[in-house]
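Visitor: Next up, input_32.cif (mmCIF, C-alpha atoms).
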```cif
data_work
loop_
_atom_site.group_PDB
_atom_site.id
_atom_site.type_symbol
_atom_site.label_atom_id
_atom_site.label_comp_id
_atom_site.auth_asym_id
_atom_site.auth_seq_id
_atom_site.Cartn_x
_atom_site.Cartn_y
_atom_site.Cartn_z
ATOM 1 C CA MET A 74 -38.735 42.630 31.546
ATOM 2 C CA LYS A 75 -39.431 41.434 28.072
ATOM 3 C CA HIS A 76 -37.871 38.481 26.346
ATOM 4 C CA PHE A 77 -36.455 38.816 22.844
ATOM 5 C CA LYS A 78 -34.994 36.495 20.293
ATOM 6 C CA ALA A 79 -32.354 38.149 18.138
ATOM 7 C CA SER A 80 -30.963 37.234 14.803
ATOM 8 C CA ILE A 81 -27.649 38.922 13.991
ATOM 9 C CA THR A 82 -25.988 38.939 10.599
ATOM 10 C CA VAL A 83 -22.286 39.786 10.472
ATOM 11 C CA SER A 84 -20.675 40.444 7.116
ATOM 12 C CA LEU A 85 -17.467 41.982 5.817
ATOM 13 C CA ARG A 86 -17.719 45.729 5.304
ATOM 14 C CA LYS A 87 -18.707 46.695 1.785
ATOM 15 C CA SER A 88 -15.331 48.346 1.202
ATOM 16 C CA ILE A 89 -13.496 45.073 1.871
ATOM 17 C CA LEU A 90 -13.034 42.543 -0.893
ATOM 18 C CA ASP A 91 -14.862 39.390 0.156
ATOM 19 C CA VAL A 92 -12.628 36.741 -1.423
ATOM 20 C CA GLN A 93 -14.798 33.897 -0.168
ATOM 21 C CA GLY A 94 -17.902 35.526 -1.679
ATOM 22 C CA LYS A 95 -16.045 36.032 -4.968
ATOM 23 C CA THR A 96 -14.967 32.390 -5.067
ATOM 24 C CA VAL A 97 -18.481 31.124 -4.368
ATOM 25 C CA GLU A 98 -19.884 33.458 -7.008
ATOM 26 C CA HIS A 99 -17.340 32.152 -9.498
ATOM 27 C CA ALA A 100 -18.473 28.601 -8.692
ATOM 28 C CA LEU A 101 -22.117 29.649 -9.124
ATOM 29 C CA HIS A 102 -21.342 31.187 -12.516
ATOM 30 C CA SER A 103 -19.764 27.970 -13.685
ATOM 31 C CA THR A 104 -22.748 25.858 -12.545
ATOM 32 C CA ASN A 105 -25.748 27.313 -14.402
ATOM 33 C CA PHE A 106 -26.202 30.406 -12.247
ATOM 34 C CA PRO A 107 -24.524 33.179 -14.246
ATOM 35 C CA MET A 108 -27.330 35.559 -13.256
ATOM 36 C CA ILE A 109 -26.203 35.706 -9.594
ATOM 37 C CA LYS A 110 -24.367 38.869 -8.507
ATOM 38 C CA ASN A 111 -22.815 40.531 -5.459
ATOM 39 C CA THR A 112 -22.327 37.368 -3.382
ATOM 40 C CA ARG A 113 -21.216 38.122 0.161
ATOM 41 C CA ILE A 114 -20.500 35.530 2.820
ATOM 42 C CA GLY A 115 -21.047 36.298 6.476
ATOM 43 C CA LYS A 116 -22.033 34.811 9.798
ATOM 44 C CA HIS A 117 -25.404 34.278 11.392
ATOM 45 C CA VAL A 118 -25.776 34.464 15.179
ATOM 46 C CA GLU A 119 -28.982 33.646 17.061
ATOM 47 C CA LEU A 120 -29.413 34.492 20.720
ATOM 48 C CA GLU A 121 -31.967 35.444 23.355
ATOM 49 C CA ILE A 122 -31.927 38.482 25.600
ATOM 50 C CA ASP A 123 -34.027 39.997 28.404
ATOM 51 C CA ALA A 124 -34.517 43.767 28.361
ATOM 52 C CA GLU A 125 -37.083 46.392 29.337
ATOM 53 C CA ASN A 126 -38.013 47.104 25.758
ATOM 54 C CA ALA A 127 -36.897 46.549 22.174
ATOM 55 C CA GLU A 128 -34.895 49.755 22.090
ATOM 56 C CA LYS A 129 -32.830 48.745 25.126
ATOM 57 C CA ALA A 130 -32.360 45.207 23.781
ATOM 58 C CA HIS A 131 -31.121 46.658 20.509
ATOM 59 C CA ALA A 132 -28.708 48.999 22.291
ATOM 60 C CA LEU A 133 -27.306 46.157 24.412
ATOM 61 C CA LEU A 134 -26.846 43.911 21.383
ATOM 62 C CA SER A 135 -25.278 46.709 19.392
ATOM 63 C CA ASP A 136 -22.759 47.092 22.199
ATOM 64 C CA ALA A 137 -22.168 43.306 22.241
ATOM 65 C CA CYS A 138 -21.618 43.366 18.476
ATOM 66 C CA LYS A 139 -19.084 46.178 18.715
ATOM 67 C CA THR A 140 -17.304 44.476 21.627
ATOM 68 C CA ILE A 141 -17.119 40.836 20.572
ATOM 69 C CA ILE A 142 -19.581 39.514 18.014
ATOM 70 C CA ALA A 143 -18.271 41.664 15.156
ATOM 71 C CA ASN A 144 -14.976 43.454 14.567
ATOM 72 C CA PRO A 145 -16.019 46.953 13.427
ATOM 73 C CA ILE A 146 -12.690 47.411 11.632
ATOM 74 C CA MET A 147 -13.641 44.791 9.077
ATOM 75 C CA GLU A 148 -17.272 43.825 9.667
ATOM 76 C CA ASP A 149 -20.787 45.295 9.651
ATOM 77 C CA TYR A 150 -23.638 43.816 11.649
ATOM 78 C CA HIS A 151 -27.400 43.832 11.362
ATOM 79 C CA ILE A 152 -29.689 43.003 14.287
ATOM 80 C CA GLU A 153 -33.262 41.730 13.997
ATOM 81 C CA LEU A 154 -35.339 41.425 17.158
ATOM 82 C CA HIS A 155 -38.455 39.350 17.775
ATOM 83 C CA GLU A 156 -40.337 39.680 21.047
ATOM 84 C CA MET A 157 -41.214 36.330 22.586
ATOM 85 C CA GLU A 158 -44.387 35.552 24.525
ATOM 86 C CA ALA A 159 -43.732 35.505 28.257
ATOM 87 C CA MET B 279 16.075 38.874 30.392
ATOM 88 C CA ARG B 280 12.933 36.936 31.124
ATOM 89 C CA PHE B 281 10.248 36.061 28.611
ATOM 90 C CA GLY B 282 6.705 35.087 29.604
ATOM 91 C CA ILE B 283 4.968 32.889 27.058
ATOM 92 C CA VAL B 284 1.176 32.783 27.233
ATOM 93 C CA VAL B 285 -0.481 29.422 26.621
ATOM 94 C CA PHE B 286 -4.050 29.632 25.366
ATOM 95 C CA PRO B 287 -6.145 26.548 24.654
ATOM 96 C CA GLY B 288 -5.112 25.870 21.062
ATOM 97 C CA SER B 289 -1.719 27.592 21.129
ATOM 98 C CA ASN B 290 0.761 25.428 19.250
ATOM 99 C CA CYS B 291 3.902 27.554 18.909
ATOM 100 C CA ASP B 292 4.330 28.110 22.643
ATOM 101 C CA HIS B 293 6.986 25.433 22.995
ATOM 102 C CA ASP B 294 8.821 26.696 19.906
ATOM 103 C CA ALA B 295 8.906 30.160 21.494
ATOM 104 C CA TRP B 296 10.185 28.641 24.738
ATOM 105 C CA TYR B 297 12.922 26.716 22.895
ATOM 106 C CA ALA B 298 13.969 29.749 20.843
ATOM 107 C CA THR B 299 14.205 32.025 23.885
ATOM 108 C CA THR B 300 15.835 29.566 26.294
ATOM 109 C CA HIS B 301 18.063 27.425 24.056
ATOM 110 C CA ASN B 302 18.806 29.682 21.105
ATOM 111 C CA ALA B 303 18.686 33.138 22.703
ATOM 112 C CA ASP B 304 20.065 31.876 26.008
ATOM 113 C CA SER B 305 17.426 33.618 28.152
ATOM 114 C CA GLU B 306 14.978 32.670 30.814
ATOM 115 C CA ALA B 307 11.370 31.924 29.895
ATOM 116 C CA ILE B 308 8.288 31.048 31.890
ATOM 117 C CA MET B 309 4.973 29.729 30.677
ATOM 118 C CA LEU B 310 1.840 31.696 31.607
ATOM 119 C CA TRP B 311 -1.619 30.139 31.560
ATOM 120 C CA HIS B 312 -4.482 32.012 29.897
ATOM 121 C CA LYS B 313 -6.402 31.922 33.189
ATOM 122 C CA ASP B 314 -3.618 33.696 35.096
ATOM 123 C CA THR B 315 -4.580 37.204 36.129
ATOM 124 C CA SER B 316 -1.117 38.622 36.724
ATOM 125 C CA ILE B 317 2.340 38.495 35.231
ATOM 126 C CA PRO B 318 5.210 37.633 37.592
ATOM 127 C CA LYS B 319 7.453 40.586 38.426
ATOM 128 C CA GLY B 320 10.665 40.682 36.455
ATOM 129 C CA THR B 321 9.053 39.478 33.234
ATOM 130 C CA ASP B 322 10.409 41.753 30.493
ATOM 131 C CA CYS B 323 8.660 40.472 27.399
ATOM 132 C CA ILE B 324 5.335 38.706 26.957
ATOM 133 C CA ILE B 325 5.076 36.464 23.922
ATOM 134 C CA LEU B 326 1.630 35.712 22.509
ATOM 135 C CA PRO B 327 2.468 32.632 20.462
ATOM 136 C CA GLY B 328 1.029 31.243 17.253
ATOM 137 C CA GLY B 329 -1.684 28.649 17.052
ATOM 138 C CA PHE B 330 -5.456 28.511 16.958
ATOM 139 C CA SER B 331 -6.504 29.915 20.314
ATOM 140 C CA TYR B 332 -10.033 28.803 21.172
ATOM 141 C CA GLY B 333 -10.223 27.059 17.817
ATOM 142 C CA ASP B 334 -10.358 30.414 15.993
ATOM 143 C CA TYR B 335 -14.051 30.491 16.958
ATOM 144 C CA LEU B 336 -15.902 33.656 15.897
ATOM 145 C CA ARG B 337 -12.720 35.281 14.513
ATOM 146 C CA CYS B 338 -9.023 34.525 15.007
ATOM 147 C CA GLY B 339 -8.031 35.963 18.383
ATOM 148 C CA ALA B 340 -11.528 37.240 19.224
ATOM 149 C CA ILE B 341 -12.045 34.950 22.246
ATOM 150 C CA ALA B 342 -8.416 34.975 23.415
ATOM 151 C CA ARG B 343 -8.473 38.720 23.744
ATOM 152 C CA VAL B 344 -11.124 38.513 26.494
ATOM 153 C CA SER B 345 -9.347 35.719 28.406
ATOM 154 C CA PRO B 346 -8.180 36.617 31.963
ATOM 155 C CA ILE B 347 -4.454 37.005 31.177
ATOM 156 C CA MET B 348 -5.092 39.683 28.546
ATOM 157 C CA ALA B 349 -5.963 42.367 31.108
ATOM 158 C CA ALA B 350 -2.518 41.801 32.657
ATOM 159 C CA VAL B 351 -0.873 41.785 29.211
ATOM 160 C CA THR B 352 -2.560 45.105 28.389
ATOM 161 C CA GLN B 353 -1.333 46.599 31.693
ATOM 162 C CA HIS B 354 2.165 45.285 31.002
ATOM 163 C CA ALA B 355 2.082 46.975 27.576
ATOM 164 C CA LYS B 356 0.737 50.247 29.008
ATOM 165 C CA ARG B 357 3.602 50.267 31.509
ATOM 166 C CA GLY B 358 6.024 50.030 28.595
ATOM 167 C CA GLY B 359 6.722 46.293 28.897
ATOM 168 C CA TYR B 360 7.496 44.438 25.675
ATOM 169 C CA VAL B 361 4.821 42.351 23.970
ATOM 170 C CA LEU B 362 5.586 40.204 20.936
ATOM 171 C CA GLY B 363 2.594 38.699 19.130
ATOM 172 C CA ILE B 364 3.438 36.101 16.510
ATOM 173 C CA CYS B 365 0.847 34.891 13.990
ATOM 174 C CA ASN B 366 -2.219 34.129 16.151
ATOM 175 C CA GLY B 367 -0.567 36.416 18.713
ATOM 176 C CA PHE B 368 -0.676 39.254 16.138
ATOM 177 C CA GLN B 369 -4.362 38.509 15.540
ATOM 178 C CA ILE B 370 -4.993 38.674 19.305
ATOM 179 C CA LEU B 371 -3.176 42.042 19.484
ATOM 180 C CA THR B 372 -5.326 43.583 16.727
ATOM 181 C CA GLU B 373 -8.518 42.144 18.244
ATOM 182 C CA SER B 374 -7.569 43.590 21.640
ATOM 183 C CA GLY B 375 -6.851 47.013 20.161
ATOM 184 C CA LEU B 376 -3.194 47.006 21.246
ATOM 185 C CA LEU B 377 -2.354 47.256 17.548
ATOM 186 C CA PRO B 378 -4.444 48.917 14.817
ATOM 187 C CA GLY B 379 -6.051 47.136 11.865
ATOM 188 C CA ALA B 380 -7.260 43.581 11.398
ATOM 189 C CA LEU B 381 -6.180 40.336 9.726
ATOM 190 C CA LEU B 382 -8.460 39.051 6.977
ATOM 191 C CA ARG B 383 -8.560 35.759 5.087
ATOM 192 C CA ASN B 384 -5.621 35.331 2.711
ATOM 193 C CA THR B 385 -6.694 36.529 -0.738
ATOM 194 C CA SER B 386 -5.958 33.058 -2.137
ATOM 195 C CA LEU B 387 -8.254 31.534 0.537
ATOM 196 C CA ASN B 388 -5.478 28.995 1.108
ATOM 197 C CA PHE B 389 -3.664 28.253 4.334
ATOM 198 C CA ILE B 390 -0.100 29.176 3.355
ATOM 199 C CA CYS B 391 2.864 27.415 4.939
ATOM 200 C CA LYS B 392 6.209 28.359 3.390
ATOM 201 C CA ASP B 393 9.333 30.464 3.811
ATOM 202 C CA VAL B 394 8.997 34.108 2.782
ATOM 203 C CA PHE B 395 11.428 37.009 2.644
ATOM 204 C CA LEU B 396 11.006 40.007 4.903
ATOM 205 C CA ARG B 397 12.554 43.448 4.536
ATOM 206 C CA THR B 398 13.403 45.261 7.758
ATOM 207 C CA GLU B 399 11.626 48.629 7.634
ATOM 208 C CA ASN B 400 12.500 49.770 11.146
ATOM 209 C CA SER B 401 15.905 48.908 12.620
ATOM 210 C CA VAL B 402 15.665 50.949 15.812
ATOM 211 C CA SER B 403 12.748 49.304 17.620
ATOM 212 C CA PRO B 404 13.367 47.029 20.644
ATOM 213 C CA PHE B 405 12.484 44.077 18.384
ATOM 214 C CA THR B 406 14.714 44.970 15.427
ATOM 215 C CA ASN B 407 17.706 46.922 16.791
ATOM 216 C CA SER B 408 20.184 44.178 15.856
ATOM 217 C CA LEU B 409 19.107 44.382 12.201
ATOM 218 C CA GLU B 410 20.152 46.838 9.503
ATOM 219 C CA GLN B 411 17.608 49.041 7.767
ATOM 220 C CA GLY B 412 16.517 47.105 4.664
ATOM 221 C CA GLN B 413 18.071 43.836 5.862
ATOM 222 C CA ILE B 414 16.372 40.819 4.338
ATOM 223 C CA LEU B 415 15.357 37.839 6.458
ATOM 224 C CA ARG B 416 14.001 34.459 5.447
ATOM 225 C CA VAL B 417 11.235 33.478 7.871
ATOM 226 C CA PRO B 418 8.402 30.941 7.574
ATOM 227 C CA ILE B 419 4.716 31.837 7.538
ATOM 228 C CA ALA B 420 1.877 29.449 8.372
ATOM 229 C CA HIS B 421 -1.549 31.047 8.377
ATOM 230 C CA GLY B 422 -4.959 31.265 6.733
ATOM 231 C CA GLU B 423 -5.802 34.750 7.988
ATOM 232 C CA GLY B 424 -2.741 36.945 7.597
ATOM 233 C CA ASN B 425 -4.002 39.526 5.150
ATOM 234 C CA TYR B 426 -3.287 42.766 7.006
ATOM 235 C CA PHE B 427 -6.006 45.369 6.593
ATOM 236 C CA ALA B 428 -6.341 48.934 7.853
ATOM 237 C CA ASP B 429 -7.880 52.048 6.330
ATOM 238 C CA GLU B 430 -5.698 54.331 4.218
ATOM 239 C CA ASP B 431 -5.263 56.911 7.000
ATOM 240 C CA THR B 432 -4.026 54.250 9.411
ATOM 241 C CA LEU B 433 -1.629 52.801 6.802
ATOM 242 C CA ASN B 434 -0.226 56.260 6.063
ATOM 243 C CA MET B 435 0.191 56.938 9.781
ATOM 244 C CA LEU B 436 1.979 53.596 10.331
ATOM 245 C CA GLU B 437 4.419 54.319 7.508
ATOM 246 C CA GLN B 438 5.014 57.945 8.490
ATOM 247 C CA GLN B 439 5.679 57.012 12.109
ATOM 248 C CA GLY B 440 8.054 54.180 11.176
ATOM 249 C CA ARG B 441 5.718 51.653 12.708
ATOM 250 C CA VAL B 442 5.929 49.106 9.914
ATOM 251 C CA ALA B 443 8.576 46.687 11.203
ATOM 252 C CA PHE B 444 8.676 44.215 8.303
ATOM 253 C CA LYS B 445 7.348 43.991 4.759
ATOM 254 C CA TYR B 446 7.047 40.918 2.549
ATOM 255 C CA CYS B 447 9.586 41.123 -0.262
ATOM 256 C CA ASP B 448 11.449 38.974 -2.765
ATOM 257 C CA VAL B 449 14.999 37.693 -2.288
ATOM 258 C CA ASN B 450 16.347 41.054 -3.481
ATOM 259 C CA GLY B 451 14.152 43.111 -1.169
ATOM 260 C CA ASN B 452 11.588 44.240 -3.756
ATOM 261 C CA THR B 453 8.095 44.616 -2.387
ATOM 262 C CA HIS B 454 5.503 43.926 -5.049
ATOM 263 C CA LEU B 455 2.375 41.876 -5.628
ATOM 264 C CA GLU B 456 4.336 38.697 -6.440
ATOM 265 C CA SER B 457 6.193 38.811 -3.129
ATOM 266 C CA ASN B 458 3.001 39.404 -1.143
ATOM 267 C CA PRO B 459 1.829 35.959 0.007
ATOM 268 C CA ASN B 460 -1.525 36.835 1.516
ATOM 269 C CA GLY B 461 -2.771 40.148 0.107
ATOM 270 C CA SER B 462 -1.609 42.310 3.026
ATOM 271 C CA ALA B 463 -2.001 46.059 2.519
ATOM 272 C CA ARG B 464 1.329 47.533 1.341
ATOM 273 C CA ASN B 465 3.015 44.124 1.870
ATOM 274 C CA ILE B 466 2.911 44.665 5.638
ATOM 275 C CA ALA B 467 4.123 41.651 7.633
ATOM 276 C CA GLY B 468 4.573 43.236 11.063
ATOM 277 C CA ILE B 469 3.706 46.481 12.852
ATOM 278 C CA LEU B 470 4.575 48.302 16.060
ATOM 279 C CA ASN B 471 2.373 50.249 18.443
ATOM 280 C CA GLU B 472 2.889 53.984 18.890
ATOM 281 C CA GLN B 473 5.320 53.601 21.796
ATOM 282 C CA GLY B 474 7.264 50.882 19.981
ATOM 283 C CA ASN B 475 7.021 48.308 22.773
ATOM 284 C CA VAL B 476 4.424 46.062 21.108
ATOM 285 C CA LEU B 477 5.163 44.169 17.884
ATOM 286 C CA GLY B 478 2.747 41.975 15.976
ATOM 287 C CA MET B 479 3.944 39.920 13.025
ATOM 288 C CA MET B 480 2.499 37.065 10.983
ATOM 289 C CA PRO B 481 5.820 35.326 10.123
ATOM 290 C CA HIS B 482 7.360 33.016 12.735
ATOM 291 C CA PRO B 483 10.837 34.140 13.883
ATOM 292 C CA GLU B 484 10.786 31.495 16.643
ATOM 293 C CA ARG B 485 10.707 28.764 13.996
ATOM 294 C CA CYS B 486 14.025 29.814 12.497
ATOM 295 C CA CYS B 487 16.403 30.410 15.404
ATOM 296 C CA ASP B 488 18.555 27.311 15.230
ATOM 297 C CA ILE B 489 21.181 26.840 12.539
ATOM 298 C CA GLN B 490 20.810 23.086 13.024
ATOM 299 C CA ILE B 491 17.442 23.281 11.288
ATOM 300 C CA GLY B 492 18.924 25.323 8.482
ATOM 301 C CA ASN B 493 17.990 28.900 9.270
ATOM 302 C CA ALA B 494 18.613 31.195 12.226
ATOM 303 C CA ASP B 495 17.369 34.474 10.704
ATOM 304 C CA GLY B 496 14.616 34.792 13.314
ATOM 305 C CA LEU B 497 17.049 34.888 16.211
ATOM 306 C CA ALA B 498 17.709 38.591 15.532
ATOM 307 C CA VAL B 499 14.260 39.482 16.909
ATOM 308 C CA PHE B 500 14.998 37.830 20.259
ATOM 309 C CA GLN B 501 18.561 39.153 20.386
ATOM 310 C CA SER B 502 17.239 42.660 19.731
ATOM 311 C CA LEU B 503 14.854 42.308 22.667
ATOM 312 C CA ILE B 504 17.671 41.126 24.926
ATOM 313 C CA SER B 505 19.806 44.155 23.943
ATOM 314 C CA ALA B 506 16.858 46.494 24.485
ATOM 315 C CA ALA B 507 16.160 45.036 27.944
ATOM 316 C CA GLU B 508 19.839 45.343 28.933
ATOM 317 C CA LEU B 509 19.793 49.026 27.988
ATOM 318 C CA LEU B 510 16.866 49.557 30.376
ATOM 319 C CA ILE B 511 18.876 48.092 33.286
#
```
Please re-express this file's structure in structure tokens.

Guide:
Amino acid sequence: MKHFKASITVSLRKSILDVQGKTVEHALHSTNFPMIKNTRIGKHVELEIDAENAEKAHALLSDACKTIIANPIMEDYHIELHEMEA
Amino acid sequence: MRFGIVVFPGSNCDHDAWYATTHNADSEAIMLWHKDTSIPKGTDCIILPGGFSYGDYLRCGAIARVSPIMAAVTQHAKRGGYVLGICNGFQILTESGLLPGALLRNTSLNFICKDVFLRTENSVSPFTNSLEQGQILRVPIAHGEGNYFADEDTLNMLEQQGRVAFKYCDVNGNTHLESNPNGSARNIAGILNEQGNVLGMMPHPERCCDIQIGNADGLAVFQSLISAAELLI
């Protein structure tokens, strides 16, 4: 068994208007940051998982994302894995 | 007619639902705890009430839908039993897959608490049979995430199958951008499942069932359910 640390980013699907992102971008534009574009607001989840290898850990987490961590109807997720020293 | 009202940690419209069903609709109602794993026999309609189950952690309804009682609620629905999800209850129903789509943040980003007008789009369902097609109701909303979203195919299917129960409208029944409080696709306020025994709606009919508080428009939903249950017996 290997031990992994995972960092998961959940964000609204690109096709969905992110009203929170739009509002923050508007605020940025009115405070000296007019050059900022495409602001999207999401969630960041950190967790640890034991699995045989990175592929299996990724598959398990992908399943967890589809089941609970993200709602695939409205959200996309991105998983980053880092193997930890035993 | 017996209603079963599920109490999740953070539910806050459970007592309103109990009052509306027992005092205003003159029925029996029992409270069910989220840790219960079965629904007592003879319970005709499960109500998933409004509130902030599990503090809306992760997403509204995301944790509630994996709580122990939900397996029994799903079985009840699959057997054809009635399930009414109001506000947070609607969010739980979409998260659990009993209803299609999802509820996003209101486009205004504000929590909106006010009376809105609803147009009855389906007057034959167990939840709306005492209403006329196109009948307008005044019902309060109180939510931050009530912006109904589904892909175009799903929206077309819902409309074609008569599964949109209510739409947000103005006092004359016109559905347009101005009468849409939260950005919901096609002004949708409430939808039915394919079999018609599960309704999810963001507005709160249980909060307007008593003429003593100035509005009893919501009572029609509970009276419809009572008529539907009597027909089954």

Visitor: Counting all atoms listed in the file, note down every residue that has an atom within 7 Å of the point (6.2, 48.1, 10.0) (file coordinates), as an mmCIF file with C-alpha atoms, in the frame of the given file.

Guide:
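Writing the result to out23.cif gives the following:
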```
data_model
loop_
_atom_site.group_PDB
_atom_site.id
_atom_site.type_symbol
_atom_site.label_atom_id
_atom_site.label_comp_id
_atom_site.auth_asym_id
_atom_site.auth_seq_id
_atom_site.Cartn_x
_atom_site.Cartn_y
_atom_site.Cartn_z
ATOM 1 C CA GLU B 399 11.626 48.629 7.634
ATOM 2 C CA ASN B 400 12.500 49.770 11.146
ATOM 3 C CA LEU B 436 1.979 53.596 10.331
ATOM 4 C CA GLU B 437 4.419 54.319 7.508
ATOM 5 C CA GLY B 440 8.054 54.180 11.176
ATOM 6 C CA ARG B 441 5.718 51.653 12.708
ATOM 7 C CA VAL B 442 5.929 49.106 9.914
ATOM 8 C CA ALA B 443 8.576 46.687 11.203
ATOM 9 C CA PHE B 444 8.676 44.215 8.303
ATOM 10 C CA LYS B 445 7.348 43.991 4.759
ATOM 11 C CA ILE B 466 2.911 44.665 5.638
ATOM 12 C CA GLY B 468 4.573 43.236 11.063
ATOM 13 C CA ILE B 469 3.706 46.481 12.852
ATOM 14 C CA LEU B 470 4.575 48.302 16.060
#
```

Visitor: Can you translate the PyMOL selection byres ((chain B) within 10 of (chain A)) into the concrete residues it hits in this file, as number ranges by chain?

Guide: B: 336-337, 340-341, 343-344, 372-374, 378-387, 427-429

Visitor: Would you output that residue set with C-alpha atoms, as a CSV table (one decimal), keeping the file's coordinate frame?

Guide:
```
chain,number,residue,atom,x,y,z
B,336,LEU,CA,-15.9,33.7,15.9
B,337,ARG,CA,-12.7,35.3,14.5
B,340,ALA,CA,-11.5,37.2,19.2
B,341,ILE,CA,-12.0,35.0,22.2
B,343,ARG,CA,-8.5,38.7,23.7
B,344,VAL,CA,-11.1,38.5,26.5
B,372,THR,CA,-5.3,43.6,16.7
B,373,GLU,CA,-8.5,42.1,18.2
B,374,SER,CA,-7.6,43.6,21.6
B,378,PRO,CA,-4.4,48.9,14.8
B,379,GLY,CA,-6.1,47.1,11.9
B,380,ALA,CA,-7.3,43.6,11.4
B,381,LEU,CA,-6.2,40.3,9.7
B,382,LEU,CA,-8.5,39.1,7.0
B,383,ARG,CA,-8.6,35.8,5.1
B,384,ASN,CA,-5.6,35.3,2.7
B,385,THR,CA,-6.7,36.5,-0.7
B,386,SER,CA,-6.0,33.1,-2.1
B,387,LEU,CA,-8.3,31.5,0.5
B,427,PHE,CA,-6.0,45.4,6.6
B,428,ALA,CA,-6.3,48.9,7.9
B,429,ASP,CA,-7.9,52.0,6.3
```

Visitor: Name the closest residue to Asp322 in chain B among the candidates B:Met309, B:Ile347, B:Cys365, B:Met279; distances are taken between atoms, counting all atoms listed in the file.

Guide: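 For Asp322 in chain B, the nearest of the candidates is B:Met279.
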
Visitor: Quick one: of A:Lys110, A:Lys129, A:His117, A:His151, who's nearest to Met74 in chain A, counting all atoms listed in the file?

Guide: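 Looking only at the distances to Met74 in chain A, the closest residue turns out to be A:Lys129.
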
Visitor: Please write the residues picked by the PyMOL selection byres ((chain A and resi 111) around 9) on this file as JSON, numbers by chain.

Guide: {"A": [94, 95, 98, 109, 110, 112, 113]}

Visitor: Around all of range 288-300 of chain B's listed atoms, make the axis-aligned box with 4 Å on each side and tell me centre and edge lengths in Å to one decimal, as JSON.

Guide:
```
{"center_x": 5.4, "center_y": 28.7, "center_z": 22.6, "size_x": 28.9, "size_y": 14.6, "size_z": 15.4}
```

Visitor: For CA of Glu430 in chain B and CA of Leu409 in chain B, determine how far apart the two atoms are, in Å to one decimal place.

Guide: 27.9 Å

Visitor: From the list B:Ala349, B:Ser408, B:Arg397, B:Asn475, which residue is nearest His454 in chain B when using only C-alpha atoms?

Guide: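 Closest to His454 in chain B of all the choices is B:Arg397.
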
Visitor: Determine the residue membership of the PyMOL selection byres ((chain B and resi 356) around 12) for the file above and supply it as number ranges by chain.

Guide: B: 349-355, 357-361, 376, 471-476

Visitor: Check the smallest atom-to-atom distance from each of A:Leu154, A:Lys87, A:Ser80, A:Cys138 to Ala124 in chain A using all atoms listed in the file, then report the winner.

Guide: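 That would be A:Leu154, the residue with the smallest distance to Ala124 in chain A.
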
Visitor: Identify which of the residues B:Asn460, B:Asn493, B:Ser401, B:Thr299 lies closest to Ile324 in chain B, counting only C-alpha atoms when measuring atom-to-atom distances.

Guide: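 Closest to Ile324 in chain B, using only C-alpha atoms: B:Thr299.
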
Visitor: Report the closest atom pair, with its distance in Å rounded to one decimal, for each residue of range 397-467 of chain B that has an atom no farther than 10 Å from range 496-501 of chain B; count only C-alpha atoms, sort by chain and then rising residue number, and write it as a Markdown table.

Guide:
```
| residue | atom | partner | partner_atom | distance |
| --- | --- | --- | --- | --- |
| B:Ser403 | CA | B:Val499 | CA | 10.0 |
| B:Pro404 | CA | B:Val499 | CA | 8.5 |
| B:Phe405 | CA | B:Val499 | CA | 5.1 |
| B:Thr406 | CA | B:Val499 | CA | 5.7 |
| B:Asn407 | CA | B:Val499 | CA | 8.2 |
| B:Ser408 | CA | B:Ala498 | CA | 6.1 |
| B:Leu409 | CA | B:Ala498 | CA | 6.8 |
| B:Leu415 | CA | B:Gly496 | CA | 7.5 |
| B:Arg416 | CA | B:Gly496 | CA | 7.9 |
| B:Val417 | CA | B:Gly496 | CA | 6.5 |
| B:Pro418 | CA | B:Gly496 | CA | 9.3 |
```

Visitor: What is the distance between CA of Asp123 in chain A and CA of Lys75 in chain A, in Å to one decimal?

Guide: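 The value is 5.6 Å.
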
Visitor: From the set A:Ala127, A:Glu158, A:Gly115, A:His102, which residue has the shortest atom-to-atom contact distance to Arg86 in chain A, counting all atoms listed in the file?

Guide: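 The closest residue to Arg86 in chain A is A:Gly115.
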
Visitor: Kindly extract all protein, DNA and RNA residues lying within 10 Å of the coordinates (9.9, 32.4, 2.7) given in the file, considering only C-alpha atoms, and supply them as an MDAnalysis selection string.

Guide: chainID B and resid 391:396 415:419 446:449 457 459 481

Visitor: Rebuild range 501-506 of chain B to N, CA and C atoms - output it as a PDB file, keeping the file's coordinate frame, please.

Guide:
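Contents of result16.pdb, freshly written:
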```
ATOM      1  N   GLN B 501      17.322  38.495  19.963  1.00  0.00           N
ATOM      2  CA  GLN B 501      18.561  39.153  20.386  1.00  0.00           C
ATOM      3  C   GLN B 501      18.358  40.659  20.522  1.00  0.00           C
ATOM      4  N   SER B 502      17.548  41.227  19.640  1.00  0.00           N
ATOM      5  CA  SER B 502      17.239  42.660  19.731  1.00  0.00           C
ATOM      6  C   SER B 502      16.552  42.962  21.054  1.00  0.00           C
ATOM      7  N   LEU B 503      15.588  42.113  21.412  1.00  0.00           N
ATOM      8  CA  LEU B 503      14.854  42.308  22.667  1.00  0.00           C
ATOM      9  C   LEU B 503      15.790  42.235  23.864  1.00  0.00           C
ATOM     10  N   ILE B 504      16.723  41.278  23.814  1.00  0.00           N
ATOM     11  CA  ILE B 504      17.671  41.126  24.926  1.00  0.00           C
ATOM     12  C   ILE B 504      18.535  42.387  25.047  1.00  0.00           C
ATOM     13  N   SER B 505      19.013  42.912  23.909  1.00  0.00           N
ATOM     14  CA  SER B 505      19.806  44.155  23.943  1.00  0.00           C
ATOM     15  C   SER B 505      18.980  45.303  24.486  1.00  0.00           C
ATOM     16  N   ALA B 506      17.731  45.393  24.044  1.00  0.00           N
ATOM     17  CA  ALA B 506      16.858  46.494  24.485  1.00  0.00           C
ATOM     18  C   ALA B 506      16.628  46.417  25.986  1.00  0.00           C
TER      19      ALA B 506
END
```
